[in-house]
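Structure file query35.cif (mmCIF, C-alpha atoms and all ligand atoms) is printed below.
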data_model
loop_
_atom_site.label_atom_id
_atom_site.label_comp_id
_atom_site.auth_asym_id
_atom_site.auth_seq_id
_atom_site.Cartn_x
_atom_site.Cartn_y
_atom_site.Cartn_z
CA MET A 1 -8.97 0.20 -13.53
CA GLY A 2 -10.81 2.01 -16.28
CA LYS A 3 -10.32 5.67 -16.84
CA ALA A 4 -11.83 7.43 -13.86
CA THR A 5 -13.90 10.48 -14.56
CA ILE A 6 -12.67 12.17 -11.39
CA ILE A 7 -9.05 12.10 -12.62
CA ASP A 8 -7.75 14.68 -15.05
CA ASP A 9 -5.13 12.97 -17.24
CA SER A 10 -3.62 16.21 -18.53
CA ALA A 11 -1.93 16.66 -15.16
CA TYR A 12 0.23 13.58 -15.85
CA ALA A 13 1.28 14.24 -19.43
CA ASP A 14 4.02 16.71 -18.46
CA LEU A 15 5.52 14.40 -15.84
CA TYR A 16 5.29 11.04 -17.55
CA SER A 17 8.18 11.44 -19.97
CA ALA A 18 10.61 12.20 -17.11
CA HIS A 19 9.22 9.16 -15.27
CA VAL A 20 10.00 6.94 -18.26
CA ASN A 21 13.52 8.42 -18.35
CA THR A 22 14.06 7.46 -14.71
CA LEU A 23 12.84 3.92 -15.39
CA THR A 24 15.16 3.77 -18.39
CA GLU A 25 18.18 4.63 -16.20
CA ARG A 26 17.14 2.12 -13.53
CA HIS A 27 16.68 -0.67 -16.08
CA ASP A 28 19.98 0.17 -17.80
CA ARG A 29 21.78 -0.42 -14.50
CA ALA A 30 19.76 -3.52 -13.68
CA LEU A 31 20.47 -5.07 -17.09
CA GLU A 32 24.14 -4.24 -16.80
CA ARG A 33 24.34 -5.98 -13.45
CA ALA A 34 22.46 -8.98 -14.83
CA GLY A 35 24.72 -9.06 -17.89
CA ALA A 36 21.70 -9.06 -20.21
CA GLY A 37 20.68 -7.04 -23.24
CA HIS A 38 16.89 -6.92 -22.91
CA ALA A 39 14.28 -6.93 -20.17
CA VAL A 40 10.96 -8.53 -21.11
CA ILE A 41 8.30 -7.57 -18.59
CA PHE A 42 5.12 -9.66 -18.57
CA SER A 43 1.88 -8.00 -17.45
CA GLY A 44 0.56 -11.26 -16.01
CA ALA A 45 -2.06 -13.92 -16.58
CA PRO A 46 -5.43 -14.33 -14.87
CA HIS A 47 -5.64 -17.03 -12.19
CA GLY A 48 -8.52 -19.49 -12.39
CA VAL A 49 -10.61 -20.68 -9.48
CA PHE A 50 -10.23 -24.39 -8.63
CA LEU A 51 -12.86 -26.55 -10.38
CA ASP A 52 -14.48 -23.47 -11.85
CA ASP A 53 -14.35 -21.52 -15.08
CA TYR A 54 -14.08 -18.11 -13.43
CA ASN A 55 -10.90 -16.19 -12.68
CA TYR A 56 -9.92 -14.29 -9.58
CA PRO A 57 -9.75 -10.52 -10.10
CA PHE A 58 -6.66 -9.82 -12.21
CA LYS A 59 -3.66 -8.25 -10.46
CA ALA A 60 -1.02 -6.96 -12.84
CA ASN A 61 2.73 -7.40 -12.36
CA PRO A 62 3.89 -4.27 -10.47
CA HIS A 63 7.02 -4.12 -12.66
CA PHE A 64 4.74 -3.74 -15.69
CA VAL A 65 2.55 -1.13 -13.96
CA SER A 66 5.63 0.90 -13.05
CA TRP A 67 6.10 1.53 -16.80
CA LEU A 68 2.47 1.81 -17.84
CA PRO A 69 -0.81 2.87 -16.25
CA LEU A 70 -2.34 -0.43 -17.44
CA THR A 71 -3.71 -2.45 -14.55
CA ASN A 72 -6.10 -4.64 -16.48
CA THR A 73 -4.35 -5.92 -19.61
CA PRO A 74 -3.21 -9.55 -19.20
CA PHE A 75 -0.77 -11.22 -21.63
CA CYS A 76 1.03 -8.02 -22.61
CA TYR A 77 4.84 -7.67 -22.74
CA LEU A 78 7.03 -4.62 -22.37
CA VAL A 79 10.41 -5.11 -24.04
CA TYR A 80 13.13 -2.78 -22.84
CA THR A 81 16.46 -2.56 -24.67
CA PRO A 82 18.97 0.13 -23.58
CA GLY A 83 19.10 2.99 -26.06
CA GLU A 84 15.88 2.02 -27.81
CA VAL A 85 12.26 3.11 -27.51
CA PRO A 86 10.56 0.48 -25.33
CA VAL A 87 8.29 -1.89 -27.25
CA LEU A 88 4.84 -2.63 -25.87
CA ILE A 89 3.40 -5.89 -27.16
CA TYR A 90 -0.24 -5.15 -26.59
CA TYR A 91 -2.59 -8.10 -26.58
CA GLN A 92 -6.04 -7.21 -27.83
CA GLU A 93 -7.90 -10.49 -27.75
CA LYS A 94 -10.60 -11.02 -30.35
CA ASP A 95 -13.30 -11.90 -27.88
CA TYR A 96 -17.06 -11.54 -28.00
CA TRP A 97 -17.50 -12.66 -24.36
CA HIS A 98 -15.62 -9.70 -22.93
CA VAL A 99 -14.76 -6.17 -23.91
CA PRO A 100 -11.21 -6.38 -25.35
CA PRO A 101 -8.58 -3.95 -23.97
CA ALA A 102 -9.10 -0.50 -25.45
CA THR A 103 -6.95 0.94 -28.22
CA PRO A 104 -4.03 2.72 -26.48
CA GLU A 105 -4.75 6.38 -25.85
CA GLY A 106 -3.97 9.06 -23.30
CA TYR A 107 -0.71 10.55 -22.06
CA TRP A 108 1.38 7.38 -22.23
CA PRO A 109 1.35 5.75 -25.74
CA GLU A 110 3.81 8.15 -27.37
CA GLU A 111 6.62 6.87 -25.14
CA PHE A 112 6.34 3.38 -26.66
CA ASP A 113 6.61 1.50 -29.90
CA ILE A 114 3.25 -0.27 -29.64
CA ARG A 115 2.66 -3.55 -31.47
CA VAL A 116 -0.94 -4.66 -31.19
CA ILE A 117 -1.38 -8.44 -31.42
CA HIS A 118 -4.61 -10.41 -31.56
CA SER A 119 -3.26 -13.85 -30.86
CA MET A 120 -0.83 -14.68 -28.08
CA GLU A 121 1.49 -16.65 -30.35
CA ASP A 122 2.15 -13.45 -32.30
CA ALA A 123 4.09 -12.04 -29.32
CA THR A 124 7.07 -14.13 -30.37
CA LYS A 125 7.52 -12.06 -33.56
CA HIS A 126 8.13 -8.92 -31.51
CA LEU A 127 10.50 -10.36 -28.89
CA PRO A 128 14.28 -10.04 -29.26
CA ALA A 129 15.61 -12.88 -31.43
CA THR A 130 18.43 -13.72 -29.02
CA ARG A 131 16.40 -15.14 -26.16
CA ASP A 132 19.50 -16.04 -24.16
CA ASN A 133 20.34 -12.33 -23.96
CA CYS A 134 16.95 -11.58 -22.32
CA ILE A 135 15.72 -11.59 -18.78
CA LEU A 136 12.04 -12.08 -18.11
CA ILE A 137 10.37 -10.19 -15.26
CA GLY A 138 6.99 -11.43 -14.17
CA GLU A 139 4.92 -14.33 -12.92
CA ILE A 140 5.06 -17.06 -15.53
CA THR A 141 2.86 -20.04 -14.80
CA ASP A 142 2.81 -21.50 -18.29
CA GLU A 143 6.08 -22.21 -20.07
CA ALA A 144 4.56 -21.05 -23.37
CA GLN A 145 4.32 -17.54 -21.93
CA SER A 146 8.10 -17.34 -21.45
CA PHE A 147 8.77 -17.84 -25.21
CA GLY A 148 12.00 -19.66 -24.49
CA ILE A 149 13.51 -17.10 -22.09
CA ASP A 150 15.26 -19.07 -19.35
CA ARG A 151 16.39 -16.28 -17.03
CA VAL A 152 13.25 -15.42 -15.08
CA ASN A 153 13.35 -12.79 -12.33
CA PRO A 154 17.13 -12.91 -11.72
CA GLY A 155 17.97 -11.47 -8.29
CA SER A 156 20.81 -9.37 -9.70
CA ALA A 157 18.35 -7.20 -11.65
CA ILE A 158 15.23 -7.57 -9.53
CA ASN A 159 16.84 -6.52 -6.23
CA MET A 160 18.10 -3.33 -7.79
CA LEU A 161 14.69 -2.48 -9.27
CA HIS A 162 12.96 -3.24 -5.96
CA PHE A 163 15.39 -1.13 -3.99
CA ASP A 164 15.07 1.80 -6.39
CA ARG A 165 11.29 1.66 -6.53
CA SER A 166 10.88 3.12 -3.03
CA VAL A 167 11.98 6.51 -4.39
CA LYS A 168 9.10 8.01 -6.36
CA THR A 169 9.31 10.13 -9.52
CA GLY A 170 7.37 13.37 -9.92
CA TYR A 171 4.80 11.47 -11.96
CA GLU A 172 4.37 8.84 -9.27
CA LEU A 173 4.01 11.52 -6.58
CA ALA A 174 1.29 13.20 -8.66
CA CYS A 175 -0.55 9.87 -8.96
CA MET A 176 -0.23 9.24 -5.23
CA ARG A 177 -1.47 12.71 -4.29
CA ALA A 178 -4.48 12.03 -6.49
CA ALA A 179 -4.93 8.60 -4.88
CA SER A 180 -5.06 10.29 -1.47
CA ARG A 181 -7.61 12.81 -2.73
CA ARG A 182 -9.68 10.01 -4.20
CA ALA A 183 -9.66 8.03 -0.94
CA VAL A 184 -10.52 11.13 1.08
CA LYS A 185 -13.77 11.49 -0.89
CA GLY A 186 -14.60 7.98 0.31
CA HIS A 187 -13.51 8.68 3.88
CA ARG A 188 -15.74 11.75 4.09
CA ALA A 189 -18.72 9.74 2.83
CA ALA A 190 -17.93 6.94 5.30
CA GLU A 191 -17.75 9.35 8.25
CA LYS A 192 -21.11 10.77 7.24
CA ALA A 193 -22.61 7.28 6.93
CA PHE A 194 -21.30 6.35 10.39
CA LYS A 195 -22.78 9.50 11.94
CA ALA A 196 -26.08 8.64 10.21
CA GLY A 197 -26.11 5.22 11.88
CA LYS A 198 -25.55 3.00 8.84
CA THR A 199 -24.30 -0.59 8.96
CA GLU A 200 -20.69 -1.49 8.12
CA PHE A 201 -21.90 -2.84 4.77
CA ASP A 202 -23.69 0.39 3.87
CA ILE A 203 -20.76 2.51 5.03
CA HIS A 204 -18.55 0.41 2.74
CA LEU A 205 -20.89 0.97 -0.22
CA ASP A 206 -20.97 4.72 0.45
CA TYR A 207 -17.17 4.71 0.52
CA CYS A 208 -16.88 2.91 -2.81
CA ARG A 209 -19.44 5.16 -4.48
CA ALA A 210 -17.76 8.36 -3.31
CA ALA A 211 -14.26 7.13 -4.24
CA GLY A 212 -15.56 5.98 -7.62
CA HIS A 213 -14.20 2.46 -7.13
CA ALA A 214 -15.82 -0.90 -7.68
CA GLU A 215 -14.74 -3.29 -4.94
CA ASN A 216 -12.22 -5.10 -7.18
CA GLU A 217 -10.49 -1.83 -8.02
CA LEU A 218 -9.68 -1.00 -4.40
CA PRO A 219 -5.98 -1.38 -3.55
CA TYR A 220 -6.95 -3.65 -0.61
CA GLY A 221 -10.14 -4.83 1.07
CA ASN A 222 -11.69 -2.00 3.06
CA ILE A 223 -11.56 -2.37 6.84
CA VAL A 224 -14.87 -0.94 8.03
CA ALA A 225 -15.18 -1.59 11.75
CA LEU A 226 -17.80 -0.40 14.22
CA ASN A 227 -17.28 -0.55 17.99
CA GLU A 228 -15.31 -3.62 19.23
CA ASN A 229 -14.53 -4.65 15.64
CA GLY A 230 -11.98 -1.83 15.51
CA ALA A 231 -9.71 -3.99 17.70
CA VAL A 232 -9.35 -6.60 14.94
CA LEU A 233 -6.35 -5.36 12.96
CA HIS A 234 -7.46 -6.77 9.60
CA TYR A 235 -11.18 -7.01 10.31
CA GLN A 236 -12.48 -8.61 7.13
CA HIS A 237 -16.28 -8.50 7.39
CA GLN A 238 -18.81 -5.84 6.58
CA SER A 239 -21.72 -6.62 8.81
CA HIS A 240 -25.27 -6.10 7.56
CA GLU A 241 -26.48 -5.89 11.18
CA LYS A 242 -27.03 -2.58 12.89
CA PRO A 243 -25.32 -2.58 16.29
CA GLU A 244 -27.53 -1.69 19.25
CA GLU A 245 -25.32 1.25 20.01
CA PHE A 246 -22.88 3.23 17.85
CA ARG A 247 -19.80 4.15 19.86
CA SER A 248 -16.80 4.23 17.54
CA PHE A 249 -15.75 3.69 13.94
CA LEU A 250 -12.38 2.69 12.48
CA ILE A 251 -11.96 2.77 8.70
CA ASP A 252 -8.80 1.71 6.85
CA ALA A 253 -9.42 2.24 3.15
CA GLY A 254 -7.52 3.45 0.12
CA ALA A 255 -7.87 4.25 -3.55
CA ARG A 256 -5.89 3.90 -6.77
CA VAL A 257 -4.87 6.29 -9.52
CA ASN A 258 -2.97 4.99 -12.56
CA GLY A 259 -2.06 1.91 -10.53
CA TYR A 260 -0.72 3.85 -7.50
CA ALA A 261 -2.32 3.34 -4.11
CA SER A 262 -3.24 5.34 -1.06
CA ASP A 263 -3.71 3.66 2.33
CA ILE A 264 -5.54 5.77 4.90
CA THR A 265 -7.01 5.07 8.33
CA ARG A 266 -9.23 7.24 10.48
CA THR A 267 -11.03 6.64 13.77
CA TYR A 268 -14.15 8.46 14.91
CA ALA A 269 -16.15 8.71 18.13
CA LYS A 270 -19.94 8.84 17.89
CA GLU A 271 -20.24 11.33 20.74
CA ASP A 272 -18.13 13.82 22.64
CA GLY A 273 -16.56 12.45 25.78
CA GLU A 274 -13.56 10.48 26.99
CA PHE A 275 -13.15 8.31 23.88
CA ALA A 276 -13.48 11.32 21.56
CA ASP A 277 -10.79 13.06 23.64
CA LEU A 278 -8.56 10.00 23.35
CA VAL A 279 -8.93 10.06 19.56
CA ILE A 280 -7.89 13.73 19.53
CA ARG A 281 -4.93 12.95 21.79
CA PHE A 282 -3.96 10.04 19.53
CA ASP A 283 -4.15 12.26 16.48
CA GLN A 284 -1.58 14.55 18.16
CA LEU A 285 0.65 11.56 18.85
CA GLN A 286 0.44 10.55 15.20
CA LEU A 287 1.32 14.08 14.05
CA GLU A 288 4.31 14.14 16.41
CA LEU A 289 5.61 11.03 14.64
CA VAL A 290 4.91 12.50 11.20
CA ALA A 291 6.96 15.53 12.27
CA GLU A 292 9.97 13.24 12.83
CA VAL A 293 9.98 11.99 9.22
CA LYS A 294 12.86 13.33 7.15
CA THR A 295 15.77 12.16 5.03
CA GLY A 296 18.30 10.05 6.93
CA VAL A 297 16.01 8.90 9.74
CA ASP A 298 16.18 5.17 10.51
CA PHE A 299 12.57 3.99 10.35
CA ALA A 300 13.15 1.30 12.99
CA ASP A 301 14.16 4.10 15.42
CA LEU A 302 10.93 5.93 14.60
CA HIS A 303 8.96 2.76 15.34
CA LEU A 304 10.69 2.49 18.74
CA LEU A 305 9.96 6.18 19.41
CA CYS A 306 6.32 5.37 18.75
CA HIS A 307 6.46 2.73 21.51
CA GLU A 308 7.78 5.38 23.92
CA LYS A 309 4.92 7.68 23.01
CA ILE A 310 2.37 4.88 23.40
CA ALA A 311 3.87 4.07 26.83
CA GLU A 312 3.44 7.70 27.92
CA LEU A 313 -0.12 7.71 26.62
CA LEU A 314 -0.96 4.50 28.52
CA VAL A 315 0.19 6.10 31.77
CA GLU A 316 -1.54 9.41 31.01
CA THR A 317 -4.86 7.64 30.37
CA ASP A 318 -4.46 5.24 33.31
CA LEU A 319 -4.52 2.16 31.04
CA ALA A 320 -1.17 1.12 32.52
CA ASN A 321 1.41 2.24 35.03
CA GLY A 322 5.20 2.16 34.93
CA SER A 323 8.14 3.85 33.31
CA PRO A 324 8.20 3.93 29.49
CA ASP A 325 11.19 1.56 29.49
CA ALA A 326 9.46 -0.93 31.79
CA LEU A 327 6.24 -0.81 29.76
CA ILE A 328 8.16 -1.43 26.53
CA GLU A 329 10.47 -4.15 27.87
CA SER A 330 7.65 -6.05 29.58
CA GLY A 331 5.68 -6.17 26.32
CA VAL A 332 2.83 -3.95 27.54
CA THR A 333 3.11 -1.45 24.70
CA SER A 334 3.28 -4.32 22.19
CA ALA A 335 0.07 -5.78 23.61
CA PHE A 336 -1.76 -2.51 22.95
CA TYR A 337 0.12 -1.74 19.72
CA PRO A 338 1.10 -5.01 18.03
CA HIS A 339 1.91 -3.84 14.49
CA GLY A 340 4.56 -1.75 12.77
CA LEU A 341 4.55 2.04 12.49
CA GLY A 342 4.34 1.95 8.71
CA HIS A 343 5.48 0.61 5.37
CA LEU A 344 6.53 1.71 1.91
CA LEU A 345 3.64 2.57 -0.37
CA GLY A 346 3.36 2.73 -4.14
CA ILE A 347 2.03 0.35 -6.75
CA GLN A 348 1.69 -2.21 -3.99
CA VAL A 349 0.02 -1.23 -0.73
CA HIS A 350 2.88 -2.82 1.17
CA ASP A 351 5.37 -1.83 -1.49
CA ILE A 352 8.29 -4.16 -1.95
CA GLY A 353 11.76 -3.57 -0.56
CA GLY A 354 10.97 -2.43 3.01
CA HIS A 355 13.63 -4.67 4.55
CA MET A 356 16.34 -4.11 1.93
CA GLY A 357 19.73 -2.94 3.17
CA ASP A 358 21.03 -2.10 -0.31
CA ASP A 359 20.30 -2.87 -3.96
CA THR A 360 22.09 -6.23 -3.97
CA GLY A 361 19.53 -8.06 -1.88
CA THR A 362 20.95 -7.82 1.64
CA THR A 363 18.21 -7.38 4.22
CA VAL A 364 17.87 -5.51 7.50
CA ASP A 365 15.76 -7.41 10.04
CA PRO A 366 13.30 -5.56 12.28
CA PRO A 367 14.52 -4.96 15.87
CA SER A 368 13.99 -7.98 18.11
CA GLY A 369 10.45 -8.15 19.44
CA HIS A 370 9.16 -6.11 16.48
CA ARG A 371 8.93 -8.69 13.72
CA PHE A 372 5.83 -7.11 12.16
CA LEU A 373 7.67 -3.92 11.27
CA ARG A 374 7.60 -3.81 7.47
CA LEU A 375 10.11 -1.00 6.97
CA THR A 376 13.65 -1.01 8.38
CA ARG A 377 15.35 1.28 5.87
CA SER A 378 16.97 4.61 6.38
CA LEU A 379 14.63 7.17 4.83
CA GLU A 380 15.49 8.81 1.50
CA ASP A 381 14.15 11.82 -0.40
CA ASP A 382 10.89 11.10 -2.23
CA GLN A 383 10.16 7.77 -0.62
CA VAL A 384 6.46 7.46 0.19
CA LEU A 385 5.43 5.57 3.30
CA THR A 386 2.68 5.32 5.86
CA ILE A 387 2.72 6.51 9.47
CA GLU A 388 0.08 4.52 11.32
CA PRO A 389 0.34 4.16 15.09
CA GLY A 390 -2.47 2.23 16.78
CA LEU A 391 -3.90 1.44 20.20
CA TYR A 392 -6.33 -1.44 20.74
CA VAL A 393 -7.87 -3.70 23.36
CA ILE A 394 -6.90 -7.15 22.09
CA ASP A 395 -7.71 -9.59 24.86
CA MET A 396 -5.64 -12.39 23.34
CA LEU A 397 -2.49 -10.27 23.70
CA LEU A 398 -3.38 -8.77 27.08
CA ASN A 399 -4.07 -12.27 28.43
CA ASN A 400 -0.64 -13.36 27.22
CA LEU A 401 0.84 -10.93 29.77
CA SER A 402 -0.66 -13.08 32.54
CA GLY A 403 2.14 -14.45 34.75
CA THR A 404 4.64 -11.85 33.52
CA PRO A 405 5.73 -8.54 35.12
CA GLY A 406 3.68 -6.69 32.53
CA TYR A 407 0.43 -8.05 33.94
CA ASP A 408 0.78 -5.99 37.12
CA MET A 409 1.30 -2.83 35.09
CA ILE A 410 -2.01 -2.90 33.22
CA ASN A 411 -5.23 -1.50 34.66
CA GLN A 412 -8.05 -3.96 33.95
CA LYS A 413 -10.75 -1.53 34.99
CA LYS A 414 -9.64 1.10 32.53
CA ILE A 415 -9.21 -1.54 29.83
CA ASP A 416 -12.81 -2.62 30.48
CA TRP A 417 -13.84 0.96 29.75
CA LEU A 418 -11.96 1.09 26.45
CA ARG A 419 -12.88 -2.42 25.19
CA PRO A 420 -16.33 -1.52 23.76
CA TYR A 421 -14.67 1.08 21.52
CA GLY A 422 -12.29 -1.46 19.96
CA GLY A 423 -9.29 0.66 19.13
CA ILE A 424 -7.75 3.63 17.40
CA ARG A 425 -5.53 3.81 14.33
CA ILE A 426 -4.65 6.94 12.39
CA GLU A 427 -2.71 6.53 9.15
CA ASP A 428 -1.33 9.09 6.75
CA ASN A 429 0.74 8.72 3.59
CA VAL A 430 3.85 10.89 3.64
CA ARG A 431 6.61 11.77 1.18
CA VAL A 432 10.08 12.03 2.72
CA GLN A 433 11.92 15.31 2.19
CA LYS A 434 15.23 16.79 3.39
CA ASP A 435 13.84 18.67 6.34
CA GLY A 436 10.49 17.04 6.92
CA CYS A 437 7.78 15.52 4.82
CA GLU A 438 4.84 16.26 2.58
CA ASN A 439 1.69 14.80 4.10
CA LEU A 440 -0.31 13.65 1.07
CA THR A 441 -3.25 12.59 3.22
CA ARG A 442 -3.67 15.64 5.47
CA ASN A 443 -3.27 17.87 2.41
CA ALA A 444 -6.09 15.97 0.73
CA PHE A 445 -8.34 16.27 3.80
CA GLU A 446 -7.69 20.02 3.89
CA LEU A 447 -8.94 20.55 0.33
MN MN B 501 -1.09 0.74 5.99
#

Go through the file and emit its structure as structure tokens.
Ligand SMILES: [Mn+2]
Amino acid sequence: MGKATIIDDSAYADLYSAHVNTLTERHDRALERAGAGHAVIFSGAPHGVFLDDYNYPFKANPHFVSWLPLTNTPFCYLVYTPGEVPVLIYYQEKDYWHVPPATPEGYWPEEFDIRVIHSMEDATKHLPATRDNCILIGEITDEAQSFGIDRVNPGSAINMLHFDRSVKTGYELACMRAASRRAVKGHRAAEKAFKAGKTEFDIHLDYCRAAGHAENELPYGNIVALNENGAVLHYQHQSHEKPEEFRSFLIDAGARVNGYASDITRTYAKEDGEFADLVIRFDQLQLELVAEVKTGVDFADLHLLCHEKIAELLVETDLANGSPDALIESGVTSAFYPHGLGHLLGIQVHDIGGHMGDDTGTTVDPPSGHRFLRLTRSLEDDQVLTIEPGLYVIDMLLNNLSGTPGYDMINQKKIDWLRPYGGIRIEDNVRVQKDGCENLTRNAFEL
């Protein structure tokens, strides 16, 4: 991502140095556990398209981005040695086909000893001489890029870094608040475009323009779904066709600031009426779940609480009948709500480490019957995660209930009413605190 005009860098300068200190402590511990003296973190290499001379959009190594707000600089190396200023080997290709990476500037360069190189082979001069005392962190597809370092991504160090990364520094929180604000500009434009009767494709373009993102800079492909399309969880098209009737609109779209993502979903009704009321009711349900977020809560329990709330809502709206327990055990709630309540968020949209039990690499599986739950950890201060309950008419899953006790609990007539609206999902990004949480997304919408 280039420098965005809507972001004021001065806000980060005061926080960045403390962020680097936290990374320093985390890498000291990781190196100690790995029994190594240096961490060499590779920014990544572009991936070429089969039988073509183009590359896929570049995605930087998240370990590299955690140190530096550089999301578009391939073939760079960050060398960390405990007690020393980290060295950035900065590859500025001499290239007249492309614009080479800019000369380092902004709030971050003063934290590093920057060595600009113009040819990749020159990286070797700046790497620690004792390669067997190094670990390499990154995706290495060409042996030449490892410069003779044999220990690549050792679990002893990587697990610790992944586990720690869920807890955000003040700098990261500032970036993520800004990422929510940036996405909200897009969401407002998208809502307006929906109300004006635009196609999914045009709503998508309005979103990108307002968020100030080219498509490749988005943290994930926008989900822009009118009517029935809202029932497809990862609906991947943006139709150029105008539907005959506009009933509902589900948009799941985020933004990035300094490499940190937001991930926000909203659902709108075109007109007042029963579906609009259901969206309001669902918004309350989502806020009830957000209110449960605080330090020490087991996220898997929160996901199960969401199923209880969905069960109550199904009965209240006449979509199904039965006790909450019966609706959950028979798989009815899972048919209407077949994904997890949320996930860790950060540099990656589904940030790594959601199933980790501790920093050694043990994992905690989701509860049985809930294999899509991406977060099973006990919540800690300053973790950032999403809360995103959903309710959809997915005929494939409802039909699977056929021949089971659950089938008699669902009300086909009411489901027929809801089907043309697709579904509802409401997703906020929240920061865990001792006695509650900071809702980055709602705060951004209130501005
Ligand atoms: Mn999400």

What residues have any atom no more than 12 Å from ligand MN 501 (chain B) when counting all atoms listed in the file, and can you list them as a VMD selection string? chain A and resid 219 to 223 233 to 234 251 to 254 261 to 266 339 to 346 348 to 351 373 to 375 384 to 390 425 to 430

Please return as a ChimeraX atom specification every residue within 12 Å of (-15.6, 5.0, -1.5), taking into account only C-alpha atoms and the file's own coordinates. /A:179-193,201-215,217-219,221-224,251-256,264

I want to know what sits within 7 Å of stretch 102-116 of chain A, based on all atoms listed in the file, with residues of the same chain fewer than 6 positions away left out; could you give that as a ChimeraX atom specification? /A:9,12-13,85-92

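Residues lying at most 9 Å from (17.0, -16.9, -17.0) in file coordinates, with all atoms listed in the file considered, are A:Asp132, A:Asn133, A:Cys134, A:Ile135, A:Leu136, A:Ile149, A:Asp150, A:Arg151, A:Val152, A:Asn153, A:Pro154.
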
With all atoms listed in the file as the basis for distance, which of A:Ser248, A:Val393, A:Val293, A:Tyr268 is at the shortest distance from A:Leu314?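 When distances to A:Leu314 are compared using all atoms listed in the file, the smallest one comes from A:Val393.
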
Between atom CA of A:Ser323 and atom CA of A:Leu391, what distance in Å does the model show, to one decimal? 18.0 Å

A:Leu289: which residues within 9 Å, counting only C-alpha atoms, same-chain residues fewer than 3 positions away excluded, as a list in words?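 Contacts, with the query itself left out: Gln284, Leu285, Gln286, Glu292, Val293, Leu302, His303, Leu305, Cys306, Ile387 and Pro389 of chain A.
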
Just to be explicit: take each residue in the selection above, keep C-alpha atoms, and write the result as a compact mmCIF listing (two decimals), in the coordinates of the input.
# COMPACT_ATOMS: atom_id res chain seq x y z
CA GLN A 284 -1.58 14.55 18.16
CA LEU A 285 0.65 11.56 18.85
CA GLN A 286 0.44 10.55 15.20
CA GLU A 292 9.97 13.24 12.83
CA VAL A 293 9.98 11.99 9.22
CA LEU A 302 10.93 5.93 14.60
CA HIS A 303 8.96 2.76 15.34
CA LEU A 305 9.96 6.18 19.41
CA CYS A 306 6.32 5.37 18.75
CA ILE A 387 2.72 6.51 9.47
CA PRO A 389 0.34 4.16 15.09

Pick the closest to A:Pro100 from A:Ile117, A:Leu418, A:Ala225, A:Ala196: which is it, counting all atoms listed in the file?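 Checking each candidate against A:Pro100, we get A:Ile117 as the closest.
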
Shell around A:Gly296 at 7 Å using only C-alpha atoms, local window under 6 positions removed, as a list of chain:residue names: A:Ser378, A:Leu379, A:Glu380

Write the residues of the preceding selection, restricted to C-alpha atoms, as a JSON list (two decimals), in the frame of the given file.
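Written file, selection-v2.json:
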[["chain", "number", "residue", "atom", "x", "y", "z"],
["A", 378, "SER", "CA", 16.97, 4.61, 6.38],
["A", 379, "LEU", "CA", 14.63, 7.17, 4.83],
["A", 380, "GLU", "CA", 15.49, 8.81, 1.50]]

Centre, edges in Å (one decimal): axis-aligned box, stretch 160-174 of chain A, 4 Å padding on all six sides, as lines of an AutoDock Vina configuration file:
center_x = 9.7
center_y = 5.0
center_z = -7.5
size_x = 24.8
size_y = 24.7
size_z = 16.9

Spatial neighbours of A:Thr169, 10 Å, all atoms listed in the file, chain gap at least 6 places, as a list of chain:residue names: A:Leu15, A:Tyr16, A:Ala18, A:His19, A:Val20, A:Asn21, A:Thr22, A:Leu23, A:Cys175, A:Asp382, A:Gln383

What separates atom CA of A:Lys125 and atom CA of A:Trp67 is a distance of 21.6 Å

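Counting from atom CA of A:Tyr392, the distance to atom CA of A:Tyr337 is 6.5 Å.
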
Taking the structure in the block just given, could you write stretch 411-418 of chain A with N, CA and C atoms, as a PDB file, in the first residue's frame?
ATOM      1  N   ASN A 411     -39.746 -24.240  10.108  1.00  0.00           N
ATOM      2  CA  ASN A 411     -41.010 -23.789   9.520  1.00  0.00           C
ATOM      3  C   ASN A 411     -40.766 -23.363   8.066  1.00  0.00           C
ATOM      4  N   GLN A 412     -41.087 -24.252   7.137  1.00  0.00           N
ATOM      5  CA  GLN A 412     -40.781 -24.006   5.722  1.00  0.00           C
ATOM      6  C   GLN A 412     -41.430 -22.729   5.206  1.00  0.00           C
ATOM      7  N   LYS A 413     -42.638 -22.469   5.678  1.00  0.00           N
ATOM      8  CA  LYS A 413     -43.354 -21.302   5.168  1.00  0.00           C
ATOM      9  C   LYS A 413     -42.639 -20.006   5.533  1.00  0.00           C
ATOM     10  N   LYS A 414     -42.156 -19.971   6.770  1.00  0.00           N
ATOM     11  CA  LYS A 414     -41.452 -18.765   7.211  1.00  0.00           C
ATOM     12  C   LYS A 414     -40.082 -18.667   6.518  1.00  0.00           C
ATOM     13  N   ILE A 415     -39.470 -19.815   6.288  1.00  0.00           N
ATOM     14  CA  ILE A 415     -38.191 -19.833   5.581  1.00  0.00           C
ATOM     15  C   ILE A 415     -38.379 -19.321   4.146  1.00  0.00           C
ATOM     16  N   ASP A 416     -39.506 -19.697   3.548  1.00  0.00           N
ATOM     17  CA  ASP A 416     -39.813 -19.210   2.187  1.00  0.00           C
ATOM     18  C   ASP A 416     -39.903 -17.678   2.172  1.00  0.00           C
ATOM     19  N   TRP A 417     -40.415 -17.128   3.271  1.00  0.00           N
ATOM     20  CA  TRP A 417     -40.500 -15.658   3.356  1.00  0.00           C
ATOM     21  C   TRP A 417     -39.102 -15.034   3.417  1.00  0.00           C
ATOM     22  N   LEU A 418     -38.223 -15.650   4.194  1.00  0.00           N
ATOM     23  CA  LEU A 418     -36.900 -15.051   4.409  1.00  0.00           C
ATOM     24  C   LEU A 418     -35.955 -15.251   3.215  1.00  0.00           C
TER      25      LEU A 418
END
